[in-house]
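Text of my_file_28.pdb, listed as PDB, C-alpha atoms:
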ATOM      1  CA  MET A   1     -11.343  45.830 -33.909
ATOM      2  CA  LYS A   2      -8.557  45.139 -31.420
ATOM      3  CA  ILE A   3      -5.368  43.455 -32.554
ATOM      4  CA  PHE A   4      -3.437  41.586 -29.838
ATOM      5  CA  ARG A   5       0.307  41.608 -30.063
ATOM      6  CA  LEU A   6       1.951  38.197 -29.467
ATOM      7  CA  PRO A   7       3.298  38.943 -25.927
ATOM      8  CA  MET A   8      -0.138  40.235 -24.913
ATOM      9  CA  LEU A   9      -1.847  37.152 -26.391
ATOM     10  CA  VAL A  10       0.497  34.832 -24.483
ATOM     11  CA  ALA A  11      -0.230  36.710 -21.270
ATOM     12  CA  VAL A  12      -3.986  36.425 -21.841
ATOM     13  CA  LEU A  13      -3.715  32.693 -22.507
ATOM     14  CA  CYS A  14      -1.629  32.171 -19.365
ATOM     15  CA  MET A  15      -4.207  34.043 -17.312
ATOM     16  CA  ALA A  16      -6.938  31.866 -18.801
ATOM     17  CA  VAL A  17      -5.128  28.826 -17.407
ATOM     18  CA  VAL A  18      -4.047  30.258 -14.061
ATOM     19  CA  LEU A  19      -7.285  31.959 -13.018
ATOM     20  CA  PRO A  20      -9.454  28.810 -13.040
ATOM     21  CA  GLN A  21      -6.783  26.973 -11.045
ATOM     22  CA  THR A  22      -6.627  29.797  -8.506
ATOM     23  CA  ALA A  23     -10.403  29.809  -8.235
ATOM     24  CA  ALA A  24     -10.399  26.033  -7.756
ATOM     25  CA  ALA A  25      -7.878  26.350  -4.917
ATOM     26  CA  GLN A  26      -9.939  29.065  -3.231
ATOM     27  CA  THR A  27     -13.173  27.055  -3.284
ATOM     28  CA  TYR A  28     -11.718  23.534  -2.916
ATOM     29  CA  PRO A  29     -13.119  21.435  -1.427
ATOM     30  CA  ASN A  30     -16.803  22.303  -1.538
ATOM     31  CA  LYS A  31     -18.231  18.775  -1.648
ATOM     32  CA  THR A  32     -17.519  15.231  -0.504
ATOM     33  CA  ILE A  33     -14.190  13.692  -1.551
ATOM     34  CA  THR A  34     -13.983  10.016  -2.480
ATOM     35  CA  LEU A  35     -10.905   8.070  -1.411
ATOM     36  CA  VAL A  36     -10.698   4.885  -3.472
ATOM     37  CA  VAL A  37      -9.099   1.892  -1.752
ATOM     38  CA  PRO A  38      -8.262  -0.937  -4.178
ATOM     39  CA  PHE A  39      -8.940  -3.768  -1.727
ATOM     40  CA  ALA A  40     -11.877  -5.191   0.186
ATOM     41  CA  ALA A  41     -13.287  -3.584   3.303
ATOM     42  CA  GLY A  42     -11.810  -4.889   6.530
ATOM     43  CA  GLY A  43      -8.293  -5.431   5.199
ATOM     44  CA  PRO A  44      -5.141  -3.607   6.338
ATOM     45  CA  THR A  45      -5.076  -1.049   3.517
ATOM     46  CA  ASP A  46      -8.756  -0.327   4.105
ATOM     47  CA  MET A  47      -7.992   0.272   7.780
ATOM     48  CA  VAL A  48      -5.216   2.746   6.931
ATOM     49  CA  GLY A  49      -7.500   4.437   4.410
ATOM     50  CA  ARG A  50     -10.376   4.898   6.843
ATOM     51  CA  VAL A  51      -8.167   6.289   9.606
ATOM     52  CA  VAL A  52      -6.507   8.742   7.213
ATOM     53  CA  ALA A  53      -9.808   9.705   5.549
ATOM     54  CA  GLN A  54     -11.326  10.671   8.889
ATOM     55  CA  SER A  55      -8.407  12.899   9.889
ATOM     56  CA  MET A  56      -8.048  14.446   6.410
ATOM     57  CA  GLY A  57     -11.750  15.234   6.407
ATOM     58  CA  VAL A  58     -11.278  17.285   9.560
ATOM     59  CA  ALA A  59      -8.307  19.124   8.048
ATOM     60  CA  LEU A  60     -10.198  19.828   4.793
ATOM     61  CA  GLY A  61     -13.523  20.695   6.391
ATOM     62  CA  GLN A  62     -15.298  18.182   4.161
ATOM     63  CA  THR A  63     -16.287  14.543   4.396
ATOM     64  CA  VAL A  64     -13.841  12.062   2.872
ATOM     65  CA  VAL A  65     -15.589   8.769   2.135
ATOM     66  CA  VAL A  66     -13.795   5.499   1.440
ATOM     67  CA  GLU A  67     -14.902   3.540  -1.607
ATOM     68  CA  ASN A  68     -13.623  -0.035  -1.898
ATOM     69  CA  ARG A  69     -12.979  -1.173  -5.485
ATOM     70  CA  ALA A  70     -11.320  -4.537  -5.108
ATOM     71  CA  GLY A  71     -10.058  -6.747  -7.905
ATOM     72  CA  ALA A  72      -7.018  -7.701  -9.992
ATOM     73  CA  GLY A  73      -4.469  -6.858  -7.315
ATOM     74  CA  GLY A  74      -5.556  -3.247  -7.081
ATOM     75  CA  THR A  75      -5.264  -2.528 -10.804
ATOM     76  CA  LEU A  76      -9.010  -2.050 -11.384
ATOM     77  CA  ALA A  77      -9.216   0.747  -8.828
ATOM     78  CA  SER A  78      -5.998   2.346 -10.076
ATOM     79  CA  ALA A  79      -7.279   2.422 -13.654
ATOM     80  CA  TYR A  80     -10.587   3.861 -12.443
ATOM     81  CA  VAL A  81      -8.899   6.755 -10.633
ATOM     82  CA  ALA A  82      -6.515   7.374 -13.540
ATOM     83  CA  ARG A  83      -9.592   7.999 -15.743
ATOM     84  CA  ALA A  84     -11.497  10.058 -13.149
ATOM     85  CA  SER A  85     -12.017  13.822 -13.366
ATOM     86  CA  ALA A  86      -8.859  15.678 -12.400
ATOM     87  CA  ASP A  87     -10.592  17.940  -9.897
ATOM     88  CA  GLY A  88      -9.374  16.589  -6.547
ATOM     89  CA  TYR A  89     -12.608  14.836  -5.653
ATOM     90  CA  THR A  90     -11.493  11.309  -6.559
ATOM     91  CA  LEU A  91      -8.257  10.107  -4.943
ATOM     92  CA  LEU A  92      -6.438   6.788  -4.686
ATOM     93  CA  LEU A  93      -4.799   5.269  -1.646
ATOM     94  CA  HIS A  94      -2.625   2.379  -2.802
ATOM     95  CA  HIS A  95       0.149   0.361  -1.245
ATOM     96  CA  ILE A  96       3.300  -1.330  -2.543
ATOM     97  CA  GLY A  97       1.154  -2.940  -5.257
ATOM     98  CA  MET A  98       1.379   0.296  -7.241
ATOM     99  CA  SER A  99       5.053  -0.495  -7.830
ATOM    100  CA  THR A 100       4.651  -4.212  -8.561
ATOM    101  CA  ALA A 101       1.813  -3.940 -11.087
ATOM    102  CA  PRO A 102       4.080  -3.083 -14.068
ATOM    103  CA  GLY A 103       6.079  -6.267 -13.431
ATOM    104  CA  LEU A 104       3.170  -8.564 -12.634
ATOM    105  CA  TYR A 105       0.753  -7.635 -15.421
ATOM    106  CA  ARG A 106       1.568  -8.024 -19.105
ATOM    107  CA  LYS A 107      -1.324  -5.686 -19.967
ATOM    108  CA  LEU A 108      -1.915  -2.727 -17.691
ATOM    109  CA  ALA A 109      -4.579  -0.061 -18.264
ATOM    110  CA  PHE A 110      -2.509   2.637 -16.568
ATOM    111  CA  ASP A 111       1.102   3.666 -16.019
ATOM    112  CA  PRO A 112       1.930   4.330 -12.341
ATOM    113  CA  LEU A 113       4.767   6.637 -13.359
ATOM    114  CA  LYS A 114       2.824   8.720 -15.910
ATOM    115  CA  ASP A 115      -0.910   8.658 -15.228
ATOM    116  CA  PHE A 116      -1.095  10.166 -11.736
ATOM    117  CA  GLU A 117      -0.251  13.217  -9.710
ATOM    118  CA  TYR A 118       1.579  12.392  -6.484
ATOM    119  CA  ILE A 119       0.334  13.811  -3.190
ATOM    120  CA  GLY A 120       2.620  12.046  -0.737
ATOM    121  CA  GLN A 121       3.513   8.894   1.122
ATOM    122  CA  LEU A 122       1.656   8.220   4.361
ATOM    123  CA  ALA A 123       2.488   5.101   6.313
ATOM    124  CA  ASP A 124       4.577   1.941   6.360
ATOM    125  CA  VAL A 125       2.956  -1.298   7.452
ATOM    126  CA  PRO A 126       5.395  -4.046   8.491
ATOM    127  CA  MET A 127       4.586  -7.669   7.783
ATOM    128  CA  THR A 128       4.650 -10.752   9.970
ATOM    129  CA  LEU A 129       5.469 -14.353   9.124
ATOM    130  CA  ILE A 130       2.845 -16.456  10.878
ATOM    131  CA  GLY A 131       1.691 -20.067  10.958
ATOM    132  CA  ARG A 132      -1.375 -22.098  11.845
ATOM    133  CA  PRO A 133      -1.788 -22.698  15.585
ATOM    134  CA  ASP A 134      -0.706 -26.349  15.485
ATOM    135  CA  LEU A 135       2.181 -26.055  13.024
ATOM    136  CA  PRO A 136       5.038 -28.327  14.251
ATOM    137  CA  ALA A 137       7.767 -25.678  13.797
ATOM    138  CA  LYS A 138       8.355 -23.874  17.083
ATOM    139  CA  THR A 139      11.030 -21.297  16.163
ATOM    140  CA  PRO A 140      11.841 -19.263  13.033
ATOM    141  CA  GLN A 141      14.792 -21.564  12.371
ATOM    142  CA  ASP A 142      12.485 -24.572  12.706
ATOM    143  CA  LEU A 143      10.101 -22.995  10.209
ATOM    144  CA  ILE A 144      12.832 -22.351   7.642
ATOM    145  CA  ALA A 145      13.993 -25.967   7.951
ATOM    146  CA  TYR A 146      10.356 -27.117   7.686
ATOM    147  CA  LEU A 147       9.822 -25.133   4.462
ATOM    148  CA  LYS A 148      12.975 -26.540   2.911
ATOM    149  CA  ARG A 149      12.176 -30.100   3.938
ATOM    150  CA  GLU A 150       8.481 -30.204   3.055
ATOM    151  CA  ASN A 151       8.541 -27.836   0.055
ATOM    152  CA  THR A 152       5.357 -28.262  -2.013
ATOM    153  CA  LYS A 153       3.644 -30.085   0.864
ATOM    154  CA  VAL A 154       3.476 -26.714   2.644
ATOM    155  CA  ASN A 155       0.479 -24.499   1.809
ATOM    156  CA  LEU A 156       1.091 -20.748   1.891
ATOM    157  CA  SER A 157      -2.019 -18.564   1.722
ATOM    158  CA  HIS A 158      -2.150 -15.075   0.257
ATOM    159  CA  ALA A 159      -4.725 -12.468  -0.702
ATOM    160  CA  GLY A 160      -4.366 -12.805  -4.470
ATOM    161  CA  LEU A 161      -1.967 -11.845  -7.230
ATOM    162  CA  GLY A 162      -0.287  -8.543  -6.515
ATOM    163  CA  ALA A 163      -1.295  -8.484  -2.851
ATOM    164  CA  ALA A 164       1.420  -7.719  -0.323
ATOM    165  CA  SER A 165       0.982 -11.169   1.207
ATOM    166  CA  GLN A 166       1.687 -12.781  -2.169
ATOM    167  CA  LEU A 167       4.777 -10.643  -2.782
ATOM    168  CA  CYS A 168       6.182 -11.362   0.668
ATOM    169  CA  GLY A 169       5.555 -15.078   0.213
ATOM    170  CA  MET A 170       7.319 -15.005  -3.136
ATOM    171  CA  LEU A 171      10.347 -13.276  -1.628
ATOM    172  CA  LEU A 172      10.370 -15.720   1.291
ATOM    173  CA  GLN A 173      10.529 -18.721  -1.038
ATOM    174  CA  GLN A 174      13.442 -17.185  -2.927
ATOM    175  CA  ALA A 175      15.265 -16.365   0.316
ATOM    176  CA  VAL A 176      14.989 -19.860   1.847
ATOM    177  CA  GLY A 177      15.335 -21.803  -1.407
ATOM    178  CA  ALA A 178      11.969 -23.550  -1.108
ATOM    179  CA  GLU A 179       9.036 -23.901  -3.493
ATOM    180  CA  VAL A 180       5.827 -24.196  -1.507
ATOM    181  CA  THR A 181       2.248 -24.529  -2.734
ATOM    182  CA  THR A 182       0.583 -21.110  -2.788
ATOM    183  CA  VAL A 183      -3.144 -20.841  -2.135
ATOM    184  CA  PRO A 184      -4.731 -17.557  -3.308
ATOM    185  CA  PHE A 185      -7.839 -16.122  -1.672
ATOM    186  CA  GLN A 186     -10.119 -13.211  -2.538
ATOM    187  CA  GLY A 187      -8.688 -10.866   0.052
ATOM    188  CA  THR A 188      -6.615 -10.869   3.207
ATOM    189  CA  ALA A 189      -9.454 -11.653   5.606
ATOM    190  CA  PRO A 190     -10.368 -15.068   4.100
ATOM    191  CA  ALA A 191      -6.682 -15.968   3.701
ATOM    192  CA  LEU A 192      -6.067 -15.267   7.381
ATOM    193  CA  THR A 193      -9.272 -17.047   8.395
ATOM    194  CA  ALA A 194      -8.062 -20.174   6.578
ATOM    195  CA  LEU A 195      -4.771 -19.995   8.489
ATOM    196  CA  ILE A 196      -6.499 -19.585  11.836
ATOM    197  CA  GLY A 197      -8.721 -22.535  10.978
ATOM    198  CA  GLY A 198      -5.753 -24.727  10.059
ATOM    199  CA  GLN A 199      -6.675 -25.138   6.377
ATOM    200  CA  VAL A 200      -3.300 -23.675   5.318
ATOM    201  CA  ASP A 201       0.112 -23.689   6.979
ATOM    202  CA  VAL A 202       1.832 -20.316   6.732
ATOM    203  CA  MET A 203       1.252 -16.765   5.610
ATOM    204  CA  CYS A 204       2.875 -13.343   5.373
ATOM    205  CA  ASP A 205       0.491 -10.589   6.365
ATOM    206  CA  GLN A 206       0.515  -6.994   7.550
ATOM    207  CA  THR A 207       0.610  -6.109  11.234
ATOM    208  CA  ALA A 208      -2.535  -4.042  10.834
ATOM    209  CA  GLN A 209      -4.330  -7.344  10.269
ATOM    210  CA  THR A 210      -2.350  -9.818  12.349
ATOM    211  CA  VAL A 211      -1.446  -8.133  15.656
ATOM    212  CA  PRO A 212      -4.841  -8.731  17.320
ATOM    213  CA  HIS A 213      -4.795 -12.433  16.312
ATOM    214  CA  ILE A 214      -1.178 -12.827  17.427
ATOM    215  CA  LYS A 215      -1.925 -11.330  20.839
ATOM    216  CA  ALA A 216      -5.008 -13.532  21.143
ATOM    217  CA  GLY A 217      -2.909 -16.645  20.417
ATOM    218  CA  LYS A 218      -4.900 -17.569  17.316
ATOM    219  CA  VAL A 219      -1.789 -17.865  15.108
ATOM    220  CA  LYS A 220       1.901 -18.628  15.650
ATOM    221  CA  LEU A 221       4.220 -15.667  15.199
ATOM    222  CA  TYR A 222       7.654 -16.528  13.827
ATOM    223  CA  ALA A 223       9.228 -13.247  12.721
ATOM    224  CA  VAL A 224       8.715  -9.754  11.339
ATOM    225  CA  THR A 225       9.869  -8.574   7.921
ATOM    226  CA  THR A 226      11.405  -5.249   8.953
ATOM    227  CA  ALA A 227      15.075  -4.402   9.427
ATOM    228  CA  GLN A 228      14.507  -3.756  13.148
ATOM    229  CA  ARG A 229      12.159  -5.282  15.705
ATOM    230  CA  LEU A 230       8.748  -3.700  16.192
ATOM    231  CA  LYS A 231       7.498  -1.899  19.268
ATOM    232  CA  ALA A 232       4.117  -3.593  18.840
ATOM    233  CA  LEU A 233       5.762  -7.071  18.808
ATOM    234  CA  PRO A 234       9.031  -6.645  20.722
ATOM    235  CA  ASP A 235       9.700 -10.365  21.229
ATOM    236  CA  ALA A 236       9.490 -11.238  17.524
ATOM    237  CA  PRO A 237      12.879 -11.463  15.767
ATOM    238  CA  THR A 238      13.423 -10.074  12.296
ATOM    239  CA  LEU A 239      14.016 -12.489   9.443
ATOM    240  CA  ARG A 240      17.447 -10.929   9.118
ATOM    241  CA  GLU A 241      18.223 -12.021  12.669
ATOM    242  CA  VAL A 242      17.444 -15.649  11.824
ATOM    243  CA  GLY A 243      19.696 -15.800   8.780
ATOM    244  CA  LEU A 244      17.785 -14.341   5.825
ATOM    245  CA  LYS A 245      20.257 -11.618   4.933
ATOM    246  CA  ASP A 246      18.811  -8.321   3.629
ATOM    247  CA  PHE A 247      15.241  -9.598   3.890
ATOM    248  CA  GLU A 248      12.904  -6.645   4.279
ATOM    249  CA  VAL A 249       9.330  -6.106   3.135
ATOM    250  CA  VAL A 250       7.451  -3.018   4.255
ATOM    251  CA  VAL A 251       4.056  -2.230   2.790
ATOM    252  CA  TRP A 252       4.242   1.489   2.096
ATOM    253  CA  HIS A 253       1.144   3.517   1.215
ATOM    254  CA  GLY A 254       0.851   6.533  -1.063
ATOM    255  CA  LEU A 255      -1.857   9.023  -1.964
ATOM    256  CA  TYR A 256      -2.532   9.784  -5.650
ATOM    257  CA  ALA A 257      -4.771  11.980  -7.809
ATOM    258  CA  PRO A 258      -5.603  11.779 -11.530
ATOM    259  CA  LYS A 259      -3.082  13.336 -13.905
ATOM    260  CA  GLY A 260      -3.818  16.989 -14.523
ATOM    261  CA  THR A 261      -5.255  17.789 -11.102
ATOM    262  CA  PRO A 262      -4.483  21.514 -10.544
ATOM    263  CA  ALA A 263      -1.386  22.263  -8.493
ATOM    264  CA  PRO A 264      -3.253  24.426  -5.939
ATOM    265  CA  VAL A 265      -5.627  21.522  -5.243
ATOM    266  CA  LEU A 266      -2.702  19.109  -4.872
ATOM    267  CA  ASN A 267      -1.040  21.517  -2.459
ATOM    268  CA  ARG A 268      -4.234  21.701  -0.412
ATOM    269  CA  LEU A 269      -4.460  17.905  -0.293
ATOM    270  CA  ASN A 270      -0.826  17.512   0.678
ATOM    271  CA  ALA A 271      -1.211  20.040   3.495
ATOM    272  CA  ALA A 272      -4.310  18.214   4.764
ATOM    273  CA  MET A 273      -2.534  14.868   4.576
ATOM    274  CA  ARG A 274       0.425  16.182   6.537
ATOM    275  CA  ASP A 275      -1.880  17.700   9.152
ATOM    276  CA  ALA A 276      -3.685  14.349   9.446
ATOM    277  CA  LEU A 277      -0.412  12.496   9.992
ATOM    278  CA  LYS A 278       0.300  14.759  12.976
ATOM    279  CA  ASP A 279      -3.033  13.925  14.597
ATOM    280  CA  PRO A 280      -2.191  12.208  17.935
ATOM    281  CA  ALA A 281      -5.322  10.055  17.730
ATOM    282  CA  LEU A 282      -4.323   8.808  14.270
ATOM    283  CA  VAL A 283      -0.730   8.122  15.293
ATOM    284  CA  LYS A 284      -1.882   6.235  18.404
ATOM    285  CA  ARG A 285      -4.376   4.094  16.507
ATOM    286  CA  LEU A 286      -1.825   3.168  13.846
ATOM    287  CA  ASP A 287       0.931   2.559  16.386
ATOM    288  CA  GLU A 288      -1.222   0.035  18.236
ATOM    289  CA  VAL A 289      -1.105  -2.293  15.221
ATOM    290  CA  GLY A 290       2.503  -1.612  14.242
ATOM    291  CA  VAL A 291       1.771   0.890  11.465
ATOM    292  CA  ARG A 292       4.312   3.698  11.250
ATOM    293  CA  VAL A 293       3.813   7.207   9.867
ATOM    294  CA  VAL A 294       6.611   7.842   7.367
ATOM    295  CA  GLN A 295       9.263  10.506   7.810
ATOM    296  CA  GLU A 296       8.385  14.018   6.655
ATOM    297  CA  SER A 297      10.693  13.919   3.624
ATOM    298  CA  LEU A 298       8.482  11.175   2.157
ATOM    299  CA  GLN A 299       5.242  13.057   2.871
ATOM    300  CA  THR A 300       5.720  15.063  -0.329
ATOM    301  CA  PRO A 301       4.960  14.603  -4.035
ATOM    302  CA  ASP A 302       8.670  14.190  -4.810
ATOM    303  CA  GLY A 303       9.121  11.786  -1.898
ATOM    304  CA  LEU A 304       6.373   9.518  -3.218
ATOM    305  CA  ARG A 305       7.411   9.869  -6.865
ATOM    306  CA  ASN A 306      11.045   8.944  -6.213
ATOM    307  CA  HIS A 307      10.175   6.057  -3.911
ATOM    308  CA  LEU A 308       7.687   4.647  -6.418
ATOM    309  CA  ARG A 309      10.277   4.773  -9.198
ATOM    310  CA  GLU A 310      12.828   2.923  -7.046
ATOM    311  CA  GLU A 311      10.281   0.284  -6.010
ATOM    312  CA  VAL A 312       9.144  -0.328  -9.606
ATOM    313  CA  GLU A 313      12.737  -1.202 -10.483
ATOM    314  CA  ARG A 314      13.291  -3.327  -7.363
ATOM    315  CA  TRP A 315      10.157  -5.461  -7.629
ATOM    316  CA  GLY A 316      10.331  -5.694 -11.410
ATOM    317  CA  ALA A 317      13.674  -7.484 -11.121
ATOM    318  CA  LEU A 318      12.374  -9.871  -8.419
ATOM    319  CA  ILE A 319       9.192 -10.663 -10.352
ATOM    320  CA  ARG A 320      11.108 -11.401 -13.542
ATOM    321  CA  LYS A 321      13.377 -13.736 -11.592
ATOM    322  CA  ALA A 322      10.382 -15.547 -10.109
ATOM    323  CA  GLY A 323       8.583 -15.715 -13.462
ATOM    324  CA  THR A 324       5.245 -14.683 -11.920
ATOM    325  CA  TYR A 325       2.940 -12.889 -14.343
ATOM    326  CA  ALA A 326      -0.738 -12.246 -14.989
ATOM    327  CA  ASP A 327      -2.359 -11.773 -18.369
TER     328      ASP A 327
END
Could I get this structure in the form of structure tokens?
Amino acid sequence: MKIFRLPMLVAVLCMAVVLPQTAAAQTYPNKTITLVVPFAAGGPTDMVGRVVAQSMGVALGQTVVVENRAGAGGTLASAYVARASADGYTLLLHHIGMSTAPGLYRKLAFDPLKDFEYIGQLADVPMTLIGRPDLPAKTPQDLIAYLKRENTKVNLSHAGLGAASQLCGMLLQQAVGAEVTTVPFQGTAPALTALIGGQVDVMCDQTAQTVPHIKAGKVKLYAVTTAQRLKALPDAPTLREVGLKDFEVVVWHGLYAPKGTPAPVLNRLNAAMRDALKDPALVKRLDEVGVRVVQESLQTPDGLRNHLREEVERWGALIRKAGTYAD
């Protein structure tokens, strides 16, 4: 009968943990990977997800399929991935809503800061402030005056609680000192369709969704929500330029895995993500609709983790001030 001394037993136990992880890294991936997008197909986050999935699939040598799990502002999909097997085959692509969920929802089935492994941040999607084609306001200044004057008579559409369009609209009302009537829809596409059709007056929405309609003259473009003007819409002023000091909303996107996913698998995913973000075809396609690949320092687990923590604090304070919650 062999008797293990304590140091030897510790070494054996460590090897029992490390060897499976090393084996997983050597064989990963050997089957299809599912990238869960927490919003409906056809929306801006879905577009980013599908472009990234295609390029990451090439880098990984495996198919990456997008699965849309819409509902409850992205929280249903986030909870689903948090409970998924921590093997690298179920991932989550989520936007700024990952940071607003703790403030918006009194009961949350996951903790963004504790229940995930962070792979990296991918892309920033600017937003546009747009209006129905026949809205009387001609300039951004006219629109701000119109919102203040008409207040609740103005209908502002958004894609549902927790959506980027809802958050931007909430911040806009605070910035201009107006209280408009918000009209939620089940997704960005129907909210934008209602604006194009003249059923609602104004909307904040991501460039990935709005640029084609702006260029086609189907909506009125008033301003962009970034600190600087956009190459895709060079004639559009920023809201800062028209008097809304410090106004900035950028819909950032991050890639997550379930807590406990082995480090070698996370490293493989991060490397594939970074390779994908260097793909000229991907960069060109995103650039055409104003979507920007983030700087390399954010394309890391620490970059995403730190940014998420900062954004949770920022939006939590704004949401508490607005008094907007969901049960």
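For the set A:Val52, A:Met47, A:Leu92, A:Leu60, the residue with the smallest atom-to-atom gap to Arg268 in chain A is A:Leu60, counting only C-alpha atoms.
Atom pair CA of Asp279 in chain A / CA of Gln209 in chain A has a distance of 21.7 Å (rounded to one decimal).
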Give, as AutoDock Vina command-line options, the centre coordinates and the x, y and z edge lengths in Å to one decimal for an axis-aligned box around all listed atoms of range 52-63 of chain A, padded by 6 Å on each side.
--center_x -11.4 --center_y 14.7 --center_z 7.0 --size_x 21.8 --size_y 24.0 --size_z 17.7
| field | A:Gly197, A:Pro112, A:Pro190, A:Gly120 ranked by distance to Glu311 in chain A, top pick (using all atoms listed in the file) | value |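 Closest to Glu311 in chain A, using all atoms listed in the file: A:Pro112.
Restricting the calculation to all atoms listed in the file, the smallest distance between Thr27 in chain A and any of A:Gly61, A:Asn155, A:Leu233, A:Gly198 is found for A:Gly61.
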Counting all atoms listed in the file, which residues of range 50-79 of chain A fall within 10 Å of range 282-299 of chain A, and what is the closest atom pair for each with its distance in Å at one decimal, ordered by chain and rising number, as a Markdown table?
| residue | atom | partner | partner_atom | distance |
| --- | --- | --- | --- | --- |
| A:Val51 | CA | A:Leu282 | CA | 6.5 |
| A:Val52 | CA | A:Leu282 | CA | 7.4 |
| A:Gln54 | CA | A:Leu282 | CA | 9.0 |
| A:Ser55 | CA | A:Leu282 | CA | 7.3 |
Tell me which residues the PyMOL selection byres ((chain A and resi 215-230) around 8) grabs here, as a PDB file with C-alpha atoms, keeping the file's coordinate frame.
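And here is the file that came out, selection26.pdb:
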ATOM      1  CA  PRO A 126       5.395  -4.046   8.491  1.00  0.00           C
ATOM      2  CA  MET A 127       4.586  -7.669   7.783  1.00  0.00           C
ATOM      3  CA  THR A 128       4.650 -10.752   9.970  1.00  0.00           C
ATOM      4  CA  LEU A 129       5.469 -14.353   9.124  1.00  0.00           C
ATOM      5  CA  ILE A 130       2.845 -16.456  10.878  1.00  0.00           C
ATOM      6  CA  GLY A 131       1.691 -20.067  10.958  1.00  0.00           C
ATOM      7  CA  ARG A 132      -1.375 -22.098  11.845  1.00  0.00           C
ATOM      8  CA  PRO A 133      -1.788 -22.698  15.585  1.00  0.00           C
ATOM      9  CA  LEU A 135       2.181 -26.055  13.024  1.00  0.00           C
ATOM     10  CA  THR A 139      11.030 -21.297  16.163  1.00  0.00           C
ATOM     11  CA  PRO A 140      11.841 -19.263  13.033  1.00  0.00           C
ATOM     12  CA  LEU A 143      10.101 -22.995  10.209  1.00  0.00           C
ATOM     13  CA  LEU A 195      -4.771 -19.995   8.489  1.00  0.00           C
ATOM     14  CA  ILE A 196      -6.499 -19.585  11.836  1.00  0.00           C
ATOM     15  CA  VAL A 211      -1.446  -8.133  15.656  1.00  0.00           C
ATOM     16  CA  PRO A 212      -4.841  -8.731  17.320  1.00  0.00           C
ATOM     17  CA  HIS A 213      -4.795 -12.433  16.312  1.00  0.00           C
ATOM     18  CA  ILE A 214      -1.178 -12.827  17.427  1.00  0.00           C
ATOM     19  CA  LYS A 231       7.498  -1.899  19.268  1.00  0.00           C
ATOM     20  CA  ALA A 232       4.117  -3.593  18.840  1.00  0.00           C
ATOM     21  CA  LEU A 233       5.762  -7.071  18.808  1.00  0.00           C
ATOM     22  CA  PRO A 234       9.031  -6.645  20.722  1.00  0.00           C
ATOM     23  CA  ASP A 235       9.700 -10.365  21.229  1.00  0.00           C
ATOM     24  CA  ALA A 236       9.490 -11.238  17.524  1.00  0.00           C
ATOM     25  CA  PRO A 237      12.879 -11.463  15.767  1.00  0.00           C
ATOM     26  CA  THR A 238      13.423 -10.074  12.296  1.00  0.00           C
ATOM     27  CA  LEU A 239      14.016 -12.489   9.443  1.00  0.00           C
ATOM     28  CA  ARG A 240      17.447 -10.929   9.118  1.00  0.00           C
ATOM     29  CA  ASP A 246      18.811  -8.321   3.629  1.00  0.00           C
ATOM     30  CA  PHE A 247      15.241  -9.598   3.890  1.00  0.00           C
ATOM     31  CA  GLU A 248      12.904  -6.645   4.279  1.00  0.00           C
ATOM     32  CA  VAL A 249       9.330  -6.106   3.135  1.00  0.00           C
ATOM     33  CA  VAL A 250       7.451  -3.018   4.255  1.00  0.00           C
ATOM     34  CA  GLY A 290       2.503  -1.612  14.242  1.00  0.00           C
TER      35      GLY A 290
END
| query | Between CA of Thr32 in chain A and CA of Met56 in chain A, what is the distance, to one decimal in Å? | reply | 11.8 Å
| task | In Å, rounded to a single decimal, give me how far CA of Gly187 in chain A is from CA of Arg305 in chain A. | result |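 Taking CA of Arg305 in chain A and CA of Gly187 in chain A, their separation equals 27.1 Å.
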| field | Counting all atoms listed in the file, the residue of A:Ser157, A:Gln26, A:Ser165, A:Ser99 that sits nearest Ala194 in chain A | value |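 Of A:Ser157, A:Gln26, A:Ser165, A:Ser99, the one nearest Ala194 in chain A is A:Ser157, counting all atoms listed in the file.
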| Picked residues, the PyMOL selection byres ((chain A and resi 183) around 12), expected as a ChimeraX atom specification | /A:152-161,165-166,169,180-182,184-188,190-192,194-195,199-203
| task | Compare A:Gly71, A:Ile119, A:His95, A:Ala164 by their minimum atom-to-atom distance to Arg274 in chain A, counting only C-alpha atoms, and give me the closest one. | result |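 The answer is A:Ile119, which sits nearest to Arg274 in chain A.
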| task | Do a neighbour search on Leu91 in chain A at 10 Å with all atoms listed in the file, toss out local chain neighbours closer than 6 positions, and write the hits as a list in words. | result |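 Contacts, in chain order: Ile33, Thr34, Leu35, Val36, Val37, Val64, Val66, Glu67, Ser78, Val81, Ala82, Ala84, Ser85, Phe116, Glu117, Ile119, Leu255, Tyr256, Ala257, Pro258 and Leu269 of chain A.
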| request: Run through the PyMOL selection byres ((chain A and resi 323) around 12) on the given coordinates and return the selected residues as a list in words. | output: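 With the PyMOL selection byres ((chain A and resi 323) around 12) on this model, the match is Gly103, Leu104, Tyr105, Arg106, Met170, Gln174, Trp315, Gly316, Ala317, Leu318, Ile319, Arg320, Lys321, Ala322, Thr324, Tyr325 and Ala326 of chain A.
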| request: Give me the residues within 12 Å of Leu76 in chain A as a ChimeraX atom specification, counting all atoms listed in the file and dropping any in the same chain fewer than 2 places off. | output: /A:36-39,68-74,78-83,92,94,97-98,101,105,108-110,162
| task | Between A:His253, A:Ala208, A:Leu122, A:Leu308, single out the one closest to Ala189 in chain A, counting only C-alpha atoms. | result |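 Result for the nearest residue to Ala189 in chain A: A:Ala208.
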